[in-house]
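A.B. asks: Take this structure first; my questions come after.
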Amino acid sequence: MTTPFGSYELTRFPEDPRDQLRAWDAADEYLLRHLDSGTGEHGPVDLAGAGQITILGDRWGALTTALAAYHPTQITDSYLARAGTSGNLDRAGIGTAKSTVRLLTTQDAPPERIDVLLVRVPKSLALLEDQLYRLAPHVHAGTVIVGTGMVKEIHTSTLKLFEKILGPTKTSLAEKKARLIFCTPSATSTRAVDPWPVTYTLDEDAGSGAGLTAVNHAGIFCADRLDVGTRFFLQSIPNNTNGARVVDLGCGNGIVGTAVAVADPRAEIVFTDESYQAVASAKATFRANVQRERERADFLVGDGVAMLDPSSVDLVLCNPPFHSHQATTDATALRMFAQSRKVLRPGGELWVVANRHMGYHTHLRRLFGNSEVAASEPKFVVLRAVKREERPRPV
């Protein structure tokens with residue numbers, strides 16, 4: 001990536017030489033050009049004397065790496081984006097993230113005072129809303145606020161959020177299908193209460209989740225209701241896990257793992273997701289439904305189950321994503337399946353719910369040597385794969 005601030009070799013995380021997706025796009029480039037040479041009432045920005053710079057939603061560290069000399073604070077909901085940022089900083093020879101950039105999550109307290117706020121518009125409008133509400137008390141009349149995104153990511157509703165929460169908002173002309181957002185903080189703008197997280201009760205058609213309370217922080221898929229895939233999954237997963245160690249992989253709001261814990265109090269549940277918002281939701285959902293303190297539940301933010309020991313798990317339950325930001329891809333799901341096989345004990349099982357057209361049964365057969373349909377309907381399918389005992393190869 002070549003910018004007015006330098007040229008950088010950037011990769012996504014985890015690094016994969018076969019990955020054809022870039023770690024930056026035209027929206028990142030547009031914002032960096034504007035900061036250096038923007039004209040008119042909205043630029044350029046004197047970053048050297050600007051004060052505290054906060055970057056919200058930087059996807060793989062492109063903005064943070066380019067602006068590292070100005071010691072920005074990055075706020076992200078993604079463990080993968082955070083790890084990608086650290087790797088890209090090191091690769092650029094800028095130094096470790098700790099000495100150059102402050103890395104925060106969406107669950108951390110933001111900087112006390114923000115003088116420049118740069119926003120990479122997220123896919124989730126709810127996450128943008130929540131984060132703007134969280135940051136609003138920390139901006140001031142002189143704060144420079146610039147957002148960026150591809151044209152398809154910026155809608156009237158996006159601009160209305162900036163306007164409602166922070167102040168008067170305008171947009172730039174489009175360049176290479178990217179657009180900038182300019183917002184002027186207003187002392188008179190309404191400081192309404194952040195509506196997130198939201199809470200709802202699952203109805204009687206939710207299988208083993210019926211009657212449970214779900215707590216959703218902003219940014220979780222289908223955050224204000226139970227999505228149809230998870231509903232179908234809850235009607236299909238095993239009801240008696242017999243005290244097993246169970247992983248809710250890509251846990252979202254944690255309702256699947258919580259349903260297992262309620263059905264089998266002896267089960268040890270591990271909730272894991274790459275989203276800090278998701279793991280916070282899973283914790284809240286679990287605590288809303290399990291009345292007594294449990295020592296047999298863990299909540300982990302990371303790359304799938306990469307942090308777990310091999311052959312340490314009896315059952316993995318997974319509703320995998322098939323998007324990476326705006327890109328449709330099965331790469332994340334396939335990595336989840338491979339990781340699951342590694343951490344499962346011989347005889348352990350991976351259960352997956354997915355859109356039927358994804359064709360995951362083929363990948364599971366190749367990886368596990370087996371795959372069967374546990375449940376199906378016209379749109380969704382639940383697949384079950386078993387890790388077989390590996391026989392030693394003859395010498």
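Just remember, in the structure tokens the first chain shown is A, the second B, etc., residues are 1-based per chain, and ligands are 1-based in the order shown.
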Excluding His357 (chain A) and its own-chain neighbours fewer than 4 positions away, which residues fall within 10 Å of it when counting only C-alpha atoms? Please give them as a PDB file with N, CA, C and O atoms, in the first residue's frame.

C.D. replies:
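File out_29.pdb, as written:
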ATOM      1  N   LYS A 379     -33.559 -24.703   3.675  1.00  0.00           N
ATOM      2  CA  LYS A 379     -32.487 -23.710   3.630  1.00  0.00           C
ATOM      3  C   LYS A 379     -31.247 -24.127   4.397  1.00  0.00           C
ATOM      4  O   LYS A 379     -30.124 -23.846   3.985  1.00  0.00           O
ATOM      5  N   PHE A 380     -31.423 -24.794   5.542  1.00  0.00           N
ATOM      6  CA  PHE A 380     -30.297 -25.103   6.423  1.00  0.00           C
ATOM      7  C   PHE A 380     -30.089 -26.596   6.578  1.00  0.00           C
ATOM      8  O   PHE A 380     -31.007 -27.400   6.404  1.00  0.00           O
ATOM      9  N   VAL A 381     -28.859 -26.939   6.952  1.00  0.00           N
ATOM     10  CA  VAL A 381     -28.515 -28.324   7.240  1.00  0.00           C
ATOM     11  C   VAL A 381     -27.608 -28.349   8.465  1.00  0.00           C
ATOM     12  O   VAL A 381     -26.792 -27.440   8.657  1.00  0.00           O
TER      13      VAL A 381
END

A.B. asks: Please provide as a list in words all residues within 9 Å of Glu153 (chain A), with the sequence filter that same-chain residues fewer than 6 positions apart are discarded (counting only C-alpha atoms).

C.D. replies: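 So the residues in contact are Val121, Pro122, Lys123, Ala178 and Gln326 of chain A.
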
A.B. asks: Could you dump the residues just selected with C-alpha atoms as an mmCIF file, in the first residue's frame?

C.D. replies:
data_model
loop_
_atom_site.group_PDB
_atom_site.id
_atom_site.type_symbol
_atom_site.label_atom_id
_atom_site.label_comp_id
_atom_site.auth_asym_id
_atom_site.auth_seq_id
_atom_site.Cartn_x
_atom_site.Cartn_y
_atom_site.Cartn_z
ATOM 1 C CA VAL A 121 -17.494 2.503 8.710
ATOM 2 C CA PRO A 122 -18.267 -1.081 9.842
ATOM 3 C CA LYS A 123 -20.608 -3.524 8.167
ATOM 4 C CA ALA A 178 -15.028 5.153 -1.906
ATOM 5 C CA GLN A 326 -18.081 -7.338 2.695
#

A.B. asks: Would you mind listing, for every residue of region 91-130 of chain A within 8 Å of region 56-64 of chain A, the two atoms forming the shortest contact and the distance between them in Å to one decimal, using only C-alpha atoms, sorted by chain and ascending residue number, as a tab-separated table?

C.D. replies:
residue	atom	partner	partner_atom	distance
A:Val101	CA	A:Thr64	CA	7.7
A:Leu117	CA	A:Leu56	CA	7.5
A:Leu118	CA	A:Leu56	CA	6.1
A:Val119	CA	A:Leu56	CA	4.8
A:Arg120	CA	A:Gly57	CA	5.1
A:Val121	CA	A:Gly57	CA	6.9
A:Pro122	CA	A:Gly57	CA	6.5

A.B. asks: As a compact mmCIF listing (two decimals) with C-alpha atoms, in the first residue's frame, please: the residues near Glu112 (chain A) (cut-off 9 Å, only C-alpha atoms, same-chain neighbours under 3 positions excluded).

C.D. replies:
# COMPACT_ATOMS: atom_id res chain seq x y z
CA ALA A 109 -12.87 2.62 28.07
CA PRO A 137 -18.65 12.27 25.48
CA HIS A 138 -14.94 12.29 24.64
CA VAL A 139 -15.02 14.55 21.57

A.B. asks: Applying 8 Å and only C-alpha atoms, which residues near region 4-18 of chain A remain after dropping the ones on its own chain fewer than 4 positions away? List them as a list in words.

C.D. replies: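 Here the answer would be Arg22, Ala23, Trp24, Leu32, Arg33, Asp36, Trp60, Ala62, Ala66, Leu67, Leu80, Ala81, Ala83, Gly84, Asn88, Arg91 and Ala92 of chain A.
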
A.B. asks: Given the selection you just returned, output its residues as a file containing C-alpha atoms, formatted as a PDB file, in the first residue's frame.

C.D. replies:
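Result saved to part30.pdb:
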ATOM      1  CA  ARG A  22      -5.968  -7.248   0.301  1.00  0.00           C
ATOM      2  CA  ALA A  23      -5.486  -5.843   3.783  1.00  0.00           C
ATOM      3  CA  TRP A  24      -6.637  -2.398   2.606  1.00  0.00           C
ATOM      4  CA  LEU A  32      -4.998   8.904   3.997  1.00  0.00           C
ATOM      5  CA  ARG A  33      -4.780  11.133   0.902  1.00  0.00           C
ATOM      6  CA  ASP A  36      -2.279  14.747   3.844  1.00  0.00           C
ATOM      7  CA  TRP A  60      -6.365  -4.871   9.271  1.00  0.00           C
ATOM      8  CA  ALA A  62      -3.779  -0.110   7.292  1.00  0.00           C
ATOM      9  CA  ALA A  66       0.339   4.480   8.057  1.00  0.00           C
ATOM     10  CA  LEU A  67      -0.282   6.903  10.931  1.00  0.00           C
ATOM     11  CA  LEU A  80      -8.019 -10.768  14.091  1.00  0.00           C
ATOM     12  CA  ALA A  81      -7.836  -7.084  13.144  1.00  0.00           C
ATOM     13  CA  ALA A  83      -3.427  -9.185  15.611  1.00  0.00           C
ATOM     14  CA  GLY A  84      -3.186  -8.061  11.994  1.00  0.00           C
ATOM     15  CA  ASN A  88       1.734  -5.106  10.009  1.00  0.00           C
ATOM     16  CA  ARG A  91       6.538  -5.890   9.257  1.00  0.00           C
ATOM     17  CA  ALA A  92       6.856  -2.169   8.504  1.00  0.00           C
TER      18      ALA A  92
END

A.B. asks: Rank A:Gly257, A:Glu29, A:Val343, A:Pro310 by their smallest atom-to-atom distance to Lys176 (chain A), using only C-alpha atoms, and report the top residue only.

C.D. replies: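 Of the candidates, the smallest distance to Lys176 (chain A) is held by A:Glu29.
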
A.B. asks: What is the CA of Val228 (chain A) to CA of Arg341 (chain A) distance in Å?

C.D. replies: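 Spanning CA of Val228 (chain A) to CA of Arg341 (chain A) is a straight-line distance of 26.2 Å.
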
A.B. asks: Identify, with DSSP run on backbone atoms, the residues in region 24-165 of chain A assigned to helix (DSSP H, G or I), and express the list as JSON, numbers by chain.

C.D. replies: {"A": [26, 27, 28, 29, 30, 31, 32, 33, 34, 35, 36, 37, 40, 41, 42, 47, 48, 49, 62, 63, 64, 65, 66, 68, 69, 70, 79, 80, 81, 82, 83, 84, 85, 86, 87, 88, 89, 90, 91, 97, 98, 99, 100, 125, 126, 127, 128, 129, 130, 131, 132, 133, 134, 135, 136, 137, 138, 151, 152, 153, 156, 157, 158, 159, 160, 161, 162, 163, 164, 165]}

A.B. asks: Using only C-alpha atoms, which protein or nucleic acid residues come within 8 Å of region 268-270 of chain A? Drop anything in the same chain fewer than 6 positions from it, and give the result as a list in words.

C.D. replies: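 Skipping anything fewer than 6 positions along the chain leaves Gly243, Ala244, Arg245, Val246, Val247, Asp248, Gly257, Val260, Ala261, Arg296, Ala297, Asp298, Phe299 and Leu300 of chain A.
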
A.B. asks: Per DSSP on the backbone, what are the strand (DSSP E) residues of region 125-328 of chain A, as a ChimeraX atom specification?

C.D. replies: /A:144-150,169-171,178-183,198-201,213-216,245-249,268-273,297-301,313-318,323-324,327-328

A.B. asks: Go ahead and save the residues from that selection, with C-alpha atoms, as a PDB file, in the first residue's frame.

C.D. replies:
ATOM      1  CA  VAL A 144     -11.812  16.642  13.620  1.00  0.00           C
ATOM      2  CA  ILE A 145     -14.080  13.742  12.644  1.00  0.00           C
ATOM      3  CA  VAL A 146     -13.624  11.961   9.319  1.00  0.00           C
ATOM      4  CA  GLY A 147     -15.209   8.667   8.338  1.00  0.00           C
ATOM      5  CA  THR A 148     -14.444   6.492   5.347  1.00  0.00           C
ATOM      6  CA  GLY A 149     -15.954   3.544   3.543  1.00  0.00           C
ATOM      7  CA  MET A 150     -16.850   2.164   0.179  1.00  0.00           C
ATOM      8  CA  THR A 169     -22.549  15.665   8.704  1.00  0.00           C
ATOM      9  CA  LYS A 170     -21.580  15.886   5.019  1.00  0.00           C
ATOM     10  CA  THR A 171     -20.092  13.505   2.495  1.00  0.00           C
ATOM     11  CA  ALA A 178     -15.028   5.153  -1.906  1.00  0.00           C
ATOM     12  CA  ARG A 179     -16.444   8.096   0.010  1.00  0.00           C
ATOM     13  CA  LEU A 180     -15.531  10.221   3.027  1.00  0.00           C
ATOM     14  CA  ILE A 181     -17.787  11.450   5.812  1.00  0.00           C
ATOM     15  CA  PHE A 182     -17.165  14.816   7.477  1.00  0.00           C
ATOM     16  CA  CYS A 183     -18.809  15.475  10.832  1.00  0.00           C
ATOM     17  CA  VAL A 198     -30.522  -5.485  24.001  1.00  0.00           C
ATOM     18  CA  THR A 199     -32.209  -8.387  25.783  1.00  0.00           C
ATOM     19  CA  TYR A 200     -34.969 -10.743  24.635  1.00  0.00           C
ATOM     20  CA  THR A 201     -36.463 -14.116  25.588  1.00  0.00           C
ATOM     21  CA  THR A 213     -32.732 -14.952  27.895  1.00  0.00           C
ATOM     22  CA  ALA A 214     -30.350 -13.680  25.217  1.00  0.00           C
ATOM     23  CA  VAL A 215     -28.227 -10.576  25.768  1.00  0.00           C
ATOM     24  CA  ASN A 216     -26.754  -8.996  22.641  1.00  0.00           C
ATOM     25  CA  ARG A 245     -16.182 -30.386  27.550  1.00  0.00           C
ATOM     26  CA  VAL A 246     -18.126 -28.446  24.931  1.00  0.00           C
ATOM     27  CA  VAL A 247     -16.977 -25.523  22.771  1.00  0.00           C
ATOM     28  CA  ASP A 248     -19.420 -22.941  21.444  1.00  0.00           C
ATOM     29  CA  LEU A 249     -17.206 -21.919  18.516  1.00  0.00           C
ATOM     30  CA  GLU A 268     -17.801 -27.624  30.903  1.00  0.00           C
ATOM     31  CA  ILE A 269     -18.540 -24.906  28.334  1.00  0.00           C
ATOM     32  CA  VAL A 270     -15.936 -22.900  26.429  1.00  0.00           C
ATOM     33  CA  PHE A 271     -17.274 -19.852  24.618  1.00  0.00           C
ATOM     34  CA  THR A 272     -14.948 -18.473  21.966  1.00  0.00           C
ATOM     35  CA  ASP A 273     -15.229 -15.803  19.282  1.00  0.00           C
ATOM     36  CA  ALA A 297     -17.301 -22.043  31.878  1.00  0.00           C
ATOM     37  CA  ASP A 298     -14.602 -20.094  30.035  1.00  0.00           C
ATOM     38  CA  PHE A 299     -14.952 -17.064  27.760  1.00  0.00           C
ATOM     39  CA  LEU A 300     -12.132 -16.608  25.262  1.00  0.00           C
ATOM     40  CA  VAL A 301     -11.465 -14.042  22.534  1.00  0.00           C
ATOM     41  CA  VAL A 313     -12.490 -31.215  23.755  1.00  0.00           C
ATOM     42  CA  ASP A 314     -15.411 -33.646  23.441  1.00  0.00           C
ATOM     43  CA  LEU A 315     -17.870 -31.617  21.377  1.00  0.00           C
ATOM     44  CA  VAL A 316     -17.656 -28.514  19.178  1.00  0.00           C
ATOM     45  CA  LEU A 317     -20.827 -26.663  18.161  1.00  0.00           C
ATOM     46  CA  CYS A 318     -20.396 -24.137  15.352  1.00  0.00           C
ATOM     47  CA  HIS A 323     -18.392 -13.252   5.240  1.00  0.00           C
ATOM     48  CA  SER A 324     -15.193 -11.347   5.989  1.00  0.00           C
ATOM     49  CA  ALA A 327     -16.346 -10.308   1.046  1.00  0.00           C
ATOM     50  CA  THR A 328     -18.092 -13.682   0.804  1.00  0.00           C
TER      51      THR A 328
END
